[in-house]
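*Asks:* This one is run_33.txt, compact mmCIF, N, CA, C and O atoms.
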```
# COMPACT_ATOMS: atom_id res chain seq x y z
N ALA A 10 -79.35 -59.54 4.38
CA ALA A 10 -79.70 -58.14 4.43
C ALA A 10 -78.78 -57.41 5.41
O ALA A 10 -78.36 -56.30 5.13
N MET A 11 -78.50 -58.04 6.54
CA MET A 11 -77.66 -57.40 7.55
C MET A 11 -76.22 -57.28 7.04
O MET A 11 -75.57 -56.26 7.24
N ALA A 12 -75.73 -58.31 6.34
CA ALA A 12 -74.38 -58.27 5.80
C ALA A 12 -74.25 -57.17 4.75
O ALA A 12 -73.21 -56.50 4.66
N ARG A 13 -75.29 -56.94 3.99
CA ARG A 13 -75.30 -55.87 2.99
C ARG A 13 -75.20 -54.51 3.68
O ARG A 13 -74.49 -53.61 3.23
N LYS A 14 -75.91 -54.36 4.78
CA LYS A 14 -75.88 -53.11 5.55
C LYS A 14 -74.48 -52.88 6.14
O LYS A 14 -73.98 -51.75 6.13
N VAL A 15 -73.84 -53.95 6.63
CA VAL A 15 -72.48 -53.84 7.17
C VAL A 15 -71.53 -53.38 6.07
O VAL A 15 -70.71 -52.49 6.27
N ALA A 16 -71.64 -53.98 4.89
CA ALA A 16 -70.78 -53.61 3.77
C ALA A 16 -70.99 -52.14 3.38
O ALA A 16 -70.04 -51.43 3.08
N GLN A 17 -72.23 -51.71 3.42
CA GLN A 17 -72.56 -50.32 3.09
C GLN A 17 -71.91 -49.36 4.10
O GLN A 17 -71.32 -48.35 3.73
N LEU A 18 -72.01 -49.70 5.38
CA LEU A 18 -71.41 -48.86 6.42
C LEU A 18 -69.89 -48.88 6.33
O LEU A 18 -69.24 -47.87 6.57
N GLN A 19 -69.35 -50.02 5.96
CA GLN A 19 -67.90 -50.15 5.82
C GLN A 19 -67.39 -49.26 4.68
O GLN A 19 -66.36 -48.62 4.81
N ARG A 20 -68.12 -49.19 3.59
CA ARG A 20 -67.74 -48.33 2.47
C ARG A 20 -67.75 -46.85 2.87
O ARG A 20 -67.01 -46.05 2.33
N ARG A 21 -68.59 -46.51 3.84
CA ARG A 21 -68.64 -45.13 4.33
C ARG A 21 -67.45 -44.80 5.22
O ARG A 21 -67.26 -43.65 5.61
N GLY A 22 -66.66 -45.81 5.56
CA GLY A 22 -65.46 -45.59 6.36
C GLY A 22 -65.69 -45.57 7.85
O GLY A 22 -64.88 -45.04 8.60
N LEU A 23 -66.78 -46.15 8.31
CA LEU A 23 -67.07 -46.16 9.73
C LEU A 23 -66.27 -47.25 10.44
O LEU A 23 -65.93 -48.27 9.85
N SER A 24 -66.00 -47.02 11.70
CA SER A 24 -65.31 -48.01 12.50
C SER A 24 -66.26 -49.14 12.85
O SER A 24 -67.48 -49.02 12.70
N GLN A 25 -65.70 -50.22 13.33
CA GLN A 25 -66.52 -51.36 13.74
C GLN A 25 -67.46 -50.96 14.87
O GLN A 25 -68.61 -51.35 14.91
N ARG A 26 -66.97 -50.14 15.78
CA ARG A 26 -67.78 -49.68 16.90
C ARG A 26 -68.96 -48.84 16.42
O ARG A 26 -70.09 -49.00 16.88
N ALA A 27 -68.71 -47.94 15.46
CA ALA A 27 -69.78 -47.11 14.92
C ALA A 27 -70.79 -47.95 14.14
O ALA A 27 -72.00 -47.73 14.24
N MET A 28 -70.29 -48.94 13.40
CA MET A 28 -71.20 -49.83 12.67
C MET A 28 -72.09 -50.60 13.63
O MET A 28 -73.29 -50.74 13.41
N ARG A 29 -71.48 -51.11 14.70
CA ARG A 29 -72.23 -51.86 15.69
C ARG A 29 -73.34 -51.00 16.29
O ARG A 29 -74.48 -51.44 16.44
N SER A 30 -73.02 -49.76 16.60
CA SER A 30 -74.00 -48.85 17.18
C SER A 30 -75.17 -48.60 16.23
O SER A 30 -76.33 -48.66 16.62
N LYS A 31 -74.86 -48.32 14.96
CA LYS A 31 -75.92 -48.08 13.97
C LYS A 31 -76.79 -49.32 13.77
O LYS A 31 -78.00 -49.23 13.68
N LEU A 32 -76.15 -50.47 13.69
CA LEU A 32 -76.90 -51.71 13.46
C LEU A 32 -77.75 -52.08 14.66
O LEU A 32 -78.85 -52.61 14.51
N MET A 33 -77.27 -51.80 15.86
CA MET A 33 -78.06 -52.09 17.06
C MET A 33 -79.30 -51.22 17.09
O MET A 33 -80.35 -51.64 17.55
N GLY A 34 -79.19 -50.01 16.59
CA GLY A 34 -80.35 -49.13 16.53
C GLY A 34 -81.39 -49.64 15.55
O GLY A 34 -82.59 -49.47 15.75
N ASN A 35 -80.93 -50.29 14.48
CA ASN A 35 -81.85 -50.80 13.46
C ASN A 35 -82.39 -52.18 13.82
O ASN A 35 -83.59 -52.41 13.76
N ALA A 36 -81.50 -53.11 14.16
CA ALA A 36 -81.91 -54.50 14.38
C ALA A 36 -82.30 -54.76 15.83
O ALA A 36 -83.29 -55.43 16.09
N GLY A 37 -81.50 -54.24 16.74
CA GLY A 37 -81.80 -54.42 18.15
C GLY A 37 -81.34 -55.74 18.73
O GLY A 37 -81.16 -55.85 19.93
N ASP A 38 -81.09 -56.76 17.92
CA ASP A 38 -80.66 -58.06 18.43
C ASP A 38 -79.14 -58.16 18.33
O ASP A 38 -78.59 -58.25 17.23
N ARG A 39 -78.49 -58.14 19.46
CA ARG A 39 -77.03 -58.12 19.52
C ARG A 39 -76.40 -59.32 18.82
O ARG A 39 -75.39 -59.19 18.13
N SER A 40 -76.98 -60.51 18.96
CA SER A 40 -76.39 -61.70 18.35
C SER A 40 -76.40 -61.61 16.82
O SER A 40 -75.45 -62.02 16.16
N ILE A 41 -77.46 -61.05 16.26
CA ILE A 41 -77.55 -60.90 14.80
C ILE A 41 -76.51 -59.89 14.32
O ILE A 41 -75.81 -60.11 13.33
N VAL A 42 -76.39 -58.79 15.05
CA VAL A 42 -75.43 -57.75 14.69
C VAL A 42 -74.01 -58.28 14.77
O VAL A 42 -73.20 -58.10 13.85
N GLU A 43 -73.67 -58.96 15.86
CA GLU A 43 -72.32 -59.51 16.02
C GLU A 43 -72.01 -60.54 14.95
O GLU A 43 -70.90 -60.59 14.43
N ALA A 44 -72.98 -61.38 14.61
CA ALA A 44 -72.77 -62.38 13.57
C ALA A 44 -72.51 -61.71 12.22
O ALA A 44 -71.61 -62.12 11.48
N ALA A 45 -73.27 -60.69 11.91
CA ALA A 45 -73.08 -59.99 10.63
C ALA A 45 -71.72 -59.29 10.58
O ALA A 45 -71.04 -59.33 9.55
N LEU A 46 -71.32 -58.67 11.68
CA LEU A 46 -70.02 -58.00 11.71
C LEU A 46 -68.88 -59.00 11.57
O LEU A 46 -67.95 -58.78 10.80
N SER A 47 -68.95 -60.10 12.30
CA SER A 47 -67.86 -61.07 12.23
C SER A 47 -67.82 -61.76 10.87
O SER A 47 -66.76 -62.06 10.35
N GLN A 48 -68.97 -61.99 10.29
CA GLN A 48 -69.04 -62.62 8.97
C GLN A 48 -68.44 -61.70 7.91
O GLN A 48 -67.69 -62.14 7.05
N THR A 49 -68.74 -60.43 7.97
CA THR A 49 -68.29 -59.49 6.96
C THR A 49 -66.87 -59.01 7.20
O THR A 49 -66.06 -58.95 6.28
N LEU A 50 -66.55 -58.68 8.44
CA LEU A 50 -65.24 -58.11 8.75
C LEU A 50 -64.21 -59.14 9.14
O LEU A 50 -63.02 -58.89 9.05
N GLY A 51 -64.65 -60.29 9.62
CA GLY A 51 -63.72 -61.31 10.07
C GLY A 51 -62.99 -60.88 11.32
O GLY A 51 -63.50 -60.12 12.14
N GLU A 52 -61.77 -61.32 11.45
CA GLU A 52 -60.97 -61.03 12.65
C GLU A 52 -60.06 -59.81 12.47
O GLU A 52 -59.31 -59.47 13.35
N ARG A 53 -60.13 -59.15 11.33
CA ARG A 53 -59.19 -58.07 11.08
C ARG A 53 -59.49 -56.80 11.86
O ARG A 53 -58.64 -55.95 12.00
N GLY A 54 -60.70 -56.67 12.36
CA GLY A 54 -61.04 -55.53 13.20
C GLY A 54 -61.02 -54.21 12.46
O GLY A 54 -61.34 -54.14 11.28
N ASP A 55 -60.62 -53.15 13.14
CA ASP A 55 -60.67 -51.79 12.59
C ASP A 55 -59.40 -51.37 11.86
O ASP A 55 -59.40 -50.35 11.19
N ASP A 56 -58.30 -52.11 12.00
CA ASP A 56 -57.03 -51.64 11.46
C ASP A 56 -57.10 -51.26 9.98
O ASP A 56 -56.67 -50.17 9.62
N PRO A 57 -57.60 -52.11 9.10
CA PRO A 57 -57.65 -51.71 7.68
C PRO A 57 -58.55 -50.49 7.45
O PRO A 57 -58.20 -49.61 6.66
N ALA A 58 -59.66 -50.43 8.12
CA ALA A 58 -60.57 -49.29 7.96
C ALA A 58 -59.93 -48.02 8.49
O ALA A 58 -60.06 -46.95 7.88
N LEU A 59 -59.24 -48.12 9.61
CA LEU A 59 -58.57 -46.95 10.18
C LEU A 59 -57.45 -46.47 9.27
O LEU A 59 -57.33 -45.28 9.00
N ARG A 60 -56.65 -47.39 8.77
CA ARG A 60 -55.57 -47.00 7.86
C ARG A 60 -56.13 -46.34 6.60
O ARG A 60 -55.58 -45.35 6.11
N ALA A 61 -57.21 -46.88 6.07
CA ALA A 61 -57.83 -46.29 4.88
C ALA A 61 -58.37 -44.89 5.17
O ALA A 61 -58.20 -43.98 4.36
N ALA A 62 -59.00 -44.72 6.32
CA ALA A 62 -59.55 -43.41 6.69
C ALA A 62 -58.43 -42.40 6.89
O ALA A 62 -58.54 -41.24 6.46
N ILE A 63 -57.34 -42.82 7.52
CA ILE A 63 -56.20 -41.91 7.72
C ILE A 63 -55.62 -41.51 6.37
O ILE A 63 -55.36 -40.34 6.10
N SER A 64 -55.44 -42.48 5.50
CA SER A 64 -54.89 -42.20 4.18
C SER A 64 -55.76 -41.21 3.41
O SER A 64 -55.26 -40.28 2.78
N LYS A 65 -57.05 -41.42 3.47
CA LYS A 65 -57.99 -40.54 2.76
C LYS A 65 -57.94 -39.12 3.32
O LYS A 65 -57.90 -38.15 2.57
N LEU A 66 -57.90 -39.00 4.64
CA LEU A 66 -57.89 -37.68 5.26
C LEU A 66 -56.53 -36.99 5.12
O LEU A 66 -56.47 -35.76 5.09
N GLU A 67 -55.44 -37.76 5.05
CA GLU A 67 -54.12 -37.16 4.88
C GLU A 67 -54.02 -36.43 3.55
O GLU A 67 -53.32 -35.43 3.44
N ARG A 68 -54.73 -36.91 2.55
CA ARG A 68 -54.71 -36.25 1.23
C ARG A 68 -55.32 -34.85 1.29
O ARG A 68 -55.09 -34.03 0.42
N LYS A 69 -56.11 -34.59 2.32
CA LYS A 69 -56.72 -33.28 2.48
C LYS A 69 -55.81 -32.30 3.21
O LYS A 69 -56.17 -31.16 3.43
N HIS A 70 -54.63 -32.78 3.61
CA HIS A 70 -53.62 -31.96 4.30
C HIS A 70 -54.21 -31.27 5.53
O HIS A 70 -54.05 -30.07 5.73
N LEU A 71 -54.87 -32.06 6.35
CA LEU A 71 -55.48 -31.53 7.57
C LEU A 71 -54.44 -31.44 8.68
O LEU A 71 -53.48 -32.20 8.72
N ASP A 72 -54.67 -30.55 9.60
CA ASP A 72 -53.89 -30.44 10.81
C ASP A 72 -54.06 -31.74 11.61
O ASP A 72 -55.12 -32.38 11.55
N ARG A 73 -53.04 -32.13 12.35
CA ARG A 73 -53.09 -33.38 13.13
C ARG A 73 -54.31 -33.42 14.07
O ARG A 73 -54.99 -34.42 14.16
N ARG A 74 -54.58 -32.30 14.73
CA ARG A 74 -55.70 -32.23 15.66
C ARG A 74 -57.04 -32.45 14.93
O ARG A 74 -57.89 -33.19 15.40
N VAL A 75 -57.18 -31.83 13.77
CA VAL A 75 -58.41 -31.96 12.99
C VAL A 75 -58.56 -33.39 12.47
O VAL A 75 -59.65 -33.96 12.49
N LEU A 76 -57.45 -33.97 12.04
CA LEU A 76 -57.46 -35.35 11.56
C LEU A 76 -57.95 -36.29 12.66
O LEU A 76 -58.82 -37.13 12.44
N ILE A 77 -57.41 -36.11 13.87
CA ILE A 77 -57.82 -36.95 15.00
C ILE A 77 -59.30 -36.74 15.32
O ILE A 77 -60.03 -37.71 15.53
N GLN A 78 -59.75 -35.51 15.30
CA GLN A 78 -61.16 -35.23 15.60
C GLN A 78 -62.08 -35.92 14.59
O GLN A 78 -63.11 -36.47 14.96
N ARG A 79 -61.73 -35.86 13.33
CA ARG A 79 -62.57 -36.49 12.31
C ARG A 79 -62.61 -38.00 12.46
O ARG A 79 -63.65 -38.61 12.29
N LEU A 80 -61.48 -38.60 12.80
CA LEU A 80 -61.43 -40.05 12.97
C LEU A 80 -62.22 -40.49 14.20
O LEU A 80 -62.91 -41.50 14.17
N VAL A 81 -62.11 -39.73 15.28
CA VAL A 81 -62.89 -40.02 16.48
C VAL A 81 -64.37 -39.89 16.15
O VAL A 81 -65.19 -40.70 16.59
N GLY A 82 -64.72 -38.91 15.35
CA GLY A 82 -66.10 -38.72 14.93
C GLY A 82 -66.64 -39.88 14.10
O GLY A 82 -67.84 -40.13 14.09
N LYS A 83 -65.75 -40.60 13.43
CA LYS A 83 -66.16 -41.78 12.66
C LYS A 83 -66.25 -43.02 13.55
O LYS A 83 -66.61 -44.08 13.08
N GLY A 84 -65.89 -42.87 14.82
CA GLY A 84 -66.06 -43.98 15.76
C GLY A 84 -64.80 -44.75 16.09
O GLY A 84 -64.85 -45.75 16.80
N PHE A 85 -63.64 -44.30 15.60
CA PHE A 85 -62.39 -44.98 15.92
C PHE A 85 -61.93 -44.56 17.30
O PHE A 85 -62.17 -43.43 17.74
N ARG A 86 -61.26 -45.47 18.00
CA ARG A 86 -60.78 -45.18 19.34
C ARG A 86 -59.54 -44.29 19.27
O ARG A 86 -58.66 -44.48 18.44
N TYR A 87 -59.46 -43.33 20.19
CA TYR A 87 -58.35 -42.38 20.23
C TYR A 87 -57.00 -43.09 20.32
O TYR A 87 -56.06 -42.74 19.61
N ALA A 88 -56.91 -44.09 21.18
CA ALA A 88 -55.64 -44.80 21.36
C ALA A 88 -55.20 -45.48 20.07
O ALA A 88 -54.01 -45.48 19.73
N ASP A 89 -56.14 -46.04 19.32
CA ASP A 89 -55.80 -46.68 18.04
C ASP A 89 -55.36 -45.65 17.01
O ASP A 89 -54.44 -45.89 16.23
N ILE A 90 -56.00 -44.50 17.02
CA ILE A 90 -55.66 -43.43 16.07
C ILE A 90 -54.23 -42.96 16.33
O ILE A 90 -53.44 -42.83 15.39
N ILE A 91 -53.90 -42.71 17.58
CA ILE A 91 -52.57 -42.21 17.93
C ILE A 91 -51.49 -43.20 17.50
O ILE A 91 -50.42 -42.80 17.04
N LYS A 92 -51.76 -44.50 17.62
CA LYS A 92 -50.78 -45.51 17.21
C LYS A 92 -50.56 -45.49 15.69
O LYS A 92 -49.48 -45.79 15.23
N GLN A 93 -51.61 -45.18 14.94
CA GLN A 93 -51.55 -45.28 13.48
C GLN A 93 -51.07 -44.00 12.78
O GLN A 93 -50.56 -44.07 11.68
N ILE A 94 -51.27 -42.84 13.39
CA ILE A 94 -50.92 -41.58 12.74
C ILE A 94 -49.42 -41.37 12.83
O ILE A 94 -48.84 -41.48 13.91
N PRO A 95 -48.79 -41.03 11.71
CA PRO A 95 -47.35 -40.73 11.76
C PRO A 95 -47.07 -39.52 12.65
O PRO A 95 -47.89 -38.60 12.73
N ASP A 96 -45.93 -39.53 13.30
CA ASP A 96 -45.58 -38.44 14.22
C ASP A 96 -45.33 -37.11 13.52
O ASP A 96 -45.41 -36.06 14.13
N ASN A 97 -45.01 -37.16 12.23
CA ASN A 97 -44.67 -35.92 11.53
C ASN A 97 -45.87 -35.12 11.07
O ASN A 97 -45.72 -34.10 10.41
N LEU A 98 -47.07 -35.54 11.40
CA LEU A 98 -48.27 -34.77 11.04
C LEU A 98 -48.54 -33.68 12.06
O LEU A 98 -48.33 -33.77 13.18
```
Could you express the structure from this file as structure tokens?
*Replies:*
Amino acid sequence: AMARKVAQLQRRGLSQRAMRSKLMGNAGDRSIVEAALSQTLGERGDDPALRAAISKLERKHLDRRVLIQRLVGKGFRYADIIKQIPDNL
């Protein structure tokens, strides 16, 4: 059930940190949440989710500042976003 919830949150484009926060609010047991995240996401972390979110938002032709704000709002770390966003935006 927990893995299904992780997959659902992942489809929404949330970062691993945001998923962890939502799941902790529901389950409350950190070990169960961490196990479900590692089982579903593996070791790849946020990079694929961040790249997918950037790609999706780039199609909307958003200003760089707005793009960053939306990604931070989804729970991605600012430093990771800056590394992934092309400089020409």
*Asks:* Write out as JSON, numbers by chain the residues lying within 9 Å of segment 33-44 of chain A, counting only C-alpha atoms and excluding same-chain residues fewer than 6 positions away.
*Replies:* {"A": [11, 12, 15]}
*Asks:* Could those selected residues go to a file with N, CA, C and O atoms, as a CSV table (one decimal), in the coordinates of the input?
*Replies:*
```
chain,number,residue,atom,x,y,z
A,11,MET,N,-78.5,-58.0,6.5
A,11,MET,CA,-77.7,-57.4,7.6
A,11,MET,C,-76.2,-57.3,7.0
A,11,MET,O,-75.6,-56.3,7.2
A,12,ALA,N,-75.7,-58.3,6.3
A,12,ALA,CA,-74.4,-58.3,5.8
A,12,ALA,C,-74.2,-57.2,4.8
A,12,ALA,O,-73.2,-56.5,4.7
A,15,VAL,N,-73.8,-54.0,6.6
A,15,VAL,CA,-72.5,-53.8,7.2
A,15,VAL,C,-71.5,-53.4,6.1
A,15,VAL,O,-70.7,-52.5,6.3
```
*Asks:* When DSSP works through the backbone of this structure, what residues of segment 20-49 of chain A end up as helix (DSSP H, G or I), shown as a list in words?
*Replies:* Arg20, Gln25, Arg26, Ala27, Met28, Arg29, Ser30, Lys31, Leu32, Met33, Gly34, Asn35, Arg39, Ser40, Ile41, Val42, Glu43, Ala44, Ala45, Leu46, Ser47, Gln48 and Thr49 of chain A
*Asks:* So how far away is atom CA of Ser64 of chain A from atom CA of Gln25 of chain A, in Å?
*Replies:* 17.6 Å
*Asks:* So that I can see what lies close to Gly82 of chain A, please list as a compact mmCIF listing (two decimals) with N, CA, C and O atoms, keeping the file's coordinate frame the residues with an atom at most 8 Å from it, counting all atoms listed in the file and leaving out residues fewer than 3 positions away in the same chain.
*Replies:*
```txt
# COMPACT_ATOMS: atom_id res chain seq x y z
N GLY A 22 -66.66 -45.81 5.56
CA GLY A 22 -65.46 -45.59 6.36
C GLY A 22 -65.69 -45.57 7.85
O GLY A 22 -64.88 -45.04 8.60
N LEU A 23 -66.78 -46.15 8.31
CA LEU A 23 -67.07 -46.16 9.73
C LEU A 23 -66.27 -47.25 10.44
O LEU A 23 -65.93 -48.27 9.85
N SER A 24 -66.00 -47.02 11.70
CA SER A 24 -65.31 -48.01 12.50
C SER A 24 -66.26 -49.14 12.85
O SER A 24 -67.48 -49.02 12.70
N ALA A 27 -68.71 -47.94 15.46
CA ALA A 27 -69.78 -47.11 14.92
C ALA A 27 -70.79 -47.95 14.14
O ALA A 27 -72.00 -47.73 14.24
N VAL A 75 -57.18 -31.83 13.77
CA VAL A 75 -58.41 -31.96 12.99
C VAL A 75 -58.56 -33.39 12.47
O VAL A 75 -59.65 -33.96 12.49
N LEU A 76 -57.45 -33.97 12.04
CA LEU A 76 -57.46 -35.35 11.56
C LEU A 76 -57.95 -36.29 12.66
O LEU A 76 -58.82 -37.13 12.44
N ILE A 77 -57.41 -36.11 13.87
CA ILE A 77 -57.82 -36.95 15.00
C ILE A 77 -59.30 -36.74 15.32
O ILE A 77 -60.03 -37.71 15.53
N GLN A 78 -59.75 -35.51 15.30
CA GLN A 78 -61.16 -35.23 15.60
C GLN A 78 -62.08 -35.92 14.59
O GLN A 78 -63.11 -36.47 14.96
N ARG A 79 -61.73 -35.86 13.33
CA ARG A 79 -62.57 -36.49 12.31
C ARG A 79 -62.61 -38.00 12.46
O ARG A 79 -63.65 -38.61 12.29
N PHE A 85 -63.64 -44.30 15.60
CA PHE A 85 -62.39 -44.98 15.92
C PHE A 85 -61.93 -44.56 17.30
O PHE A 85 -62.17 -43.43 17.74
N ARG A 86 -61.26 -45.47 18.00
CA ARG A 86 -60.78 -45.18 19.34
C ARG A 86 -59.54 -44.29 19.27
O ARG A 86 -58.66 -44.48 18.44
```
*Asks:* What gap, in Å, lies between atom O of Lys92 of chain A and atom C of Leu46 of chain A?
*Replies:*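 Going from atom O of Lys92 of chain A over to atom C of Leu46 of chain A, I get 23.8 Å.
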*Asks:* Grab the atom CA of Arg29 of chain A to atom CA of Leu66 of chain A distance for me, in Å with one decimal place.
*Replies:*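 Those two atoms sit 22.7 Å apart.
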*Asks:* Using all atoms listed in the file, find all polymer residues with an atom at most 8 Å away from the point (-60.6, -48.5, 15.8); report them as a PyMOL selection string.
*Replies:* chain A and resi 23-26+54-56+58-59+80+83-90
*Asks:* Would you mind putting all heavy atoms back on segment 80-89 of chain A and writing the result as a PDB file, keeping the file's coordinate frame?
*Replies:*
```
ATOM      1  N   LEU A  80     -61.480 -38.600  12.800  1.00  0.00           N
ATOM      2  CA  LEU A  80     -61.430 -40.050  12.970  1.00  0.00           C
ATOM      3  C   LEU A  80     -62.220 -40.490  14.200  1.00  0.00           C
ATOM      4  O   LEU A  80     -62.910 -41.500  14.170  1.00  0.00           O
ATOM      5  CB  LEU A  80     -59.978 -40.529  13.043  1.00  0.00           C
ATOM      6  CG  LEU A  80     -59.192 -40.385  11.732  1.00  0.00           C
ATOM      7  CD1 LEU A  80     -57.712 -40.594  11.981  1.00  0.00           C
ATOM      8  CD2 LEU A  80     -59.721 -41.350  10.688  1.00  0.00           C
ATOM      9  N   VAL A  81     -62.110 -39.730  15.280  1.00  0.00           N
ATOM     10  CA  VAL A  81     -62.890 -40.020  16.480  1.00  0.00           C
ATOM     11  C   VAL A  81     -64.370 -39.890  16.150  1.00  0.00           C
ATOM     12  O   VAL A  81     -65.190 -40.700  16.590  1.00  0.00           O
ATOM     13  CB  VAL A  81     -62.485 -39.114  17.661  1.00  0.00           C
ATOM     14  CG1 VAL A  81     -63.482 -39.206  18.800  1.00  0.00           C
ATOM     15  CG2 VAL A  81     -61.099 -39.492  18.159  1.00  0.00           C
ATOM     16  N   GLY A  82     -64.720 -38.910  15.350  1.00  0.00           N
ATOM     17  CA  GLY A  82     -66.100 -38.720  14.930  1.00  0.00           C
ATOM     18  C   GLY A  82     -66.640 -39.880  14.100  1.00  0.00           C
ATOM     19  O   GLY A  82     -67.840 -40.130  14.090  1.00  0.00           O
ATOM     20  N   LYS A  83     -65.750 -40.600  13.430  1.00  0.00           N
ATOM     21  CA  LYS A  83     -66.160 -41.780  12.660  1.00  0.00           C
ATOM     22  C   LYS A  83     -66.250 -43.020  13.550  1.00  0.00           C
ATOM     23  O   LYS A  83     -66.610 -44.080  13.080  1.00  0.00           O
ATOM     24  CB  LYS A  83     -65.199 -42.025  11.504  1.00  0.00           C
ATOM     25  CG  LYS A  83     -65.380 -41.048  10.374  1.00  0.00           C
ATOM     26  CD  LYS A  83     -64.726 -41.576   9.129  1.00  0.00           C
ATOM     27  CE  LYS A  83     -65.073 -40.728   7.944  1.00  0.00           C
ATOM     28  NZ  LYS A  83     -66.319 -41.132   7.325  1.00  0.00           N
ATOM     29  N   GLY A  84     -65.890 -42.870  14.820  1.00  0.00           N
ATOM     30  CA  GLY A  84     -66.060 -43.980  15.760  1.00  0.00           C
ATOM     31  C   GLY A  84     -64.800 -44.750  16.090  1.00  0.00           C
ATOM     32  O   GLY A  84     -64.850 -45.750  16.800  1.00  0.00           O
ATOM     33  N   PHE A  85     -63.640 -44.300  15.600  1.00  0.00           N
ATOM     34  CA  PHE A  85     -62.390 -44.980  15.920  1.00  0.00           C
ATOM     35  C   PHE A  85     -61.930 -44.560  17.300  1.00  0.00           C
ATOM     36  O   PHE A  85     -62.170 -43.430  17.740  1.00  0.00           O
ATOM     37  CB  PHE A  85     -61.315 -44.652  14.884  1.00  0.00           C
ATOM     38  CG  PHE A  85     -61.622 -45.174  13.513  1.00  0.00           C
ATOM     39  CD1 PHE A  85     -62.077 -44.340  12.516  1.00  0.00           C
ATOM     40  CD2 PHE A  85     -61.486 -46.523  13.229  1.00  0.00           C
ATOM     41  CE1 PHE A  85     -62.375 -44.810  11.258  1.00  0.00           C
ATOM     42  CE2 PHE A  85     -61.778 -47.011  11.978  1.00  0.00           C
ATOM     43  CZ  PHE A  85     -62.231 -46.155  10.988  1.00  0.00           C
ATOM     44  N   ARG A  86     -61.260 -45.470  18.000  1.00  0.00           N
ATOM     45  CA  ARG A  86     -60.780 -45.180  19.340  1.00  0.00           C
ATOM     46  C   ARG A  86     -59.540 -44.290  19.270  1.00  0.00           C
ATOM     47  O   ARG A  86     -58.660 -44.480  18.440  1.00  0.00           O
ATOM     48  CB  ARG A  86     -60.427 -46.483  20.055  1.00  0.00           C
ATOM     49  CG  ARG A  86     -61.656 -47.317  20.381  1.00  0.00           C
ATOM     50  CD  ARG A  86     -61.345 -48.600  21.129  1.00  0.00           C
ATOM     51  NE  ARG A  86     -60.352 -48.380  22.159  1.00  0.00           N
ATOM     52  CZ  ARG A  86     -59.318 -49.199  22.365  1.00  0.00           C
ATOM     53  NH1 ARG A  86     -59.139 -50.261  21.638  1.00  0.00           N
ATOM     54  NH2 ARG A  86     -58.460 -48.948  23.324  1.00  0.00           N
ATOM     55  N   TYR A  87     -59.460 -43.330  20.190  1.00  0.00           N
ATOM     56  CA  TYR A  87     -58.350 -42.380  20.230  1.00  0.00           C
ATOM     57  C   TYR A  87     -57.000 -43.090  20.320  1.00  0.00           C
ATOM     58  O   TYR A  87     -56.060 -42.740  19.610  1.00  0.00           O
ATOM     59  CB  TYR A  87     -58.542 -41.408  21.402  1.00  0.00           C
ATOM     60  CG  TYR A  87     -57.445 -40.395  21.531  1.00  0.00           C
ATOM     61  CD1 TYR A  87     -57.426 -39.269  20.724  1.00  0.00           C
ATOM     62  CD2 TYR A  87     -56.417 -40.566  22.447  1.00  0.00           C
ATOM     63  CE1 TYR A  87     -56.410 -38.330  20.820  1.00  0.00           C
ATOM     64  CE2 TYR A  87     -55.403 -39.644  22.560  1.00  0.00           C
ATOM     65  CZ  TYR A  87     -55.402 -38.527  21.742  1.00  0.00           C
ATOM     66  OH  TYR A  87     -54.394 -37.609  21.843  1.00  0.00           O
ATOM     67  N   ALA A  88     -56.910 -44.090  21.180  1.00  0.00           N
ATOM     68  CA  ALA A  88     -55.640 -44.800  21.360  1.00  0.00           C
ATOM     69  C   ALA A  88     -55.200 -45.480  20.070  1.00  0.00           C
ATOM     70  O   ALA A  88     -54.010 -45.480  19.730  1.00  0.00           O
ATOM     71  CB  ALA A  88     -55.785 -45.838  22.476  1.00  0.00           C
ATOM     72  N   ASP A  89     -56.140 -46.040  19.320  1.00  0.00           N
ATOM     73  CA  ASP A  89     -55.800 -46.680  18.040  1.00  0.00           C
ATOM     74  C   ASP A  89     -55.360 -45.650  17.010  1.00  0.00           C
ATOM     75  O   ASP A  89     -54.440 -45.890  16.230  1.00  0.00           O
ATOM     76  CB  ASP A  89     -56.996 -47.454  17.490  1.00  0.00           C
ATOM     77  CG  ASP A  89     -57.387 -48.636  18.370  1.00  0.00           C
ATOM     78  OD1 ASP A  89     -56.521 -49.114  19.133  1.00  0.00           O
ATOM     79  OD2 ASP A  89     -58.548 -49.069  18.291  1.00  0.00           O
TER      80      ASP A  89
END
```
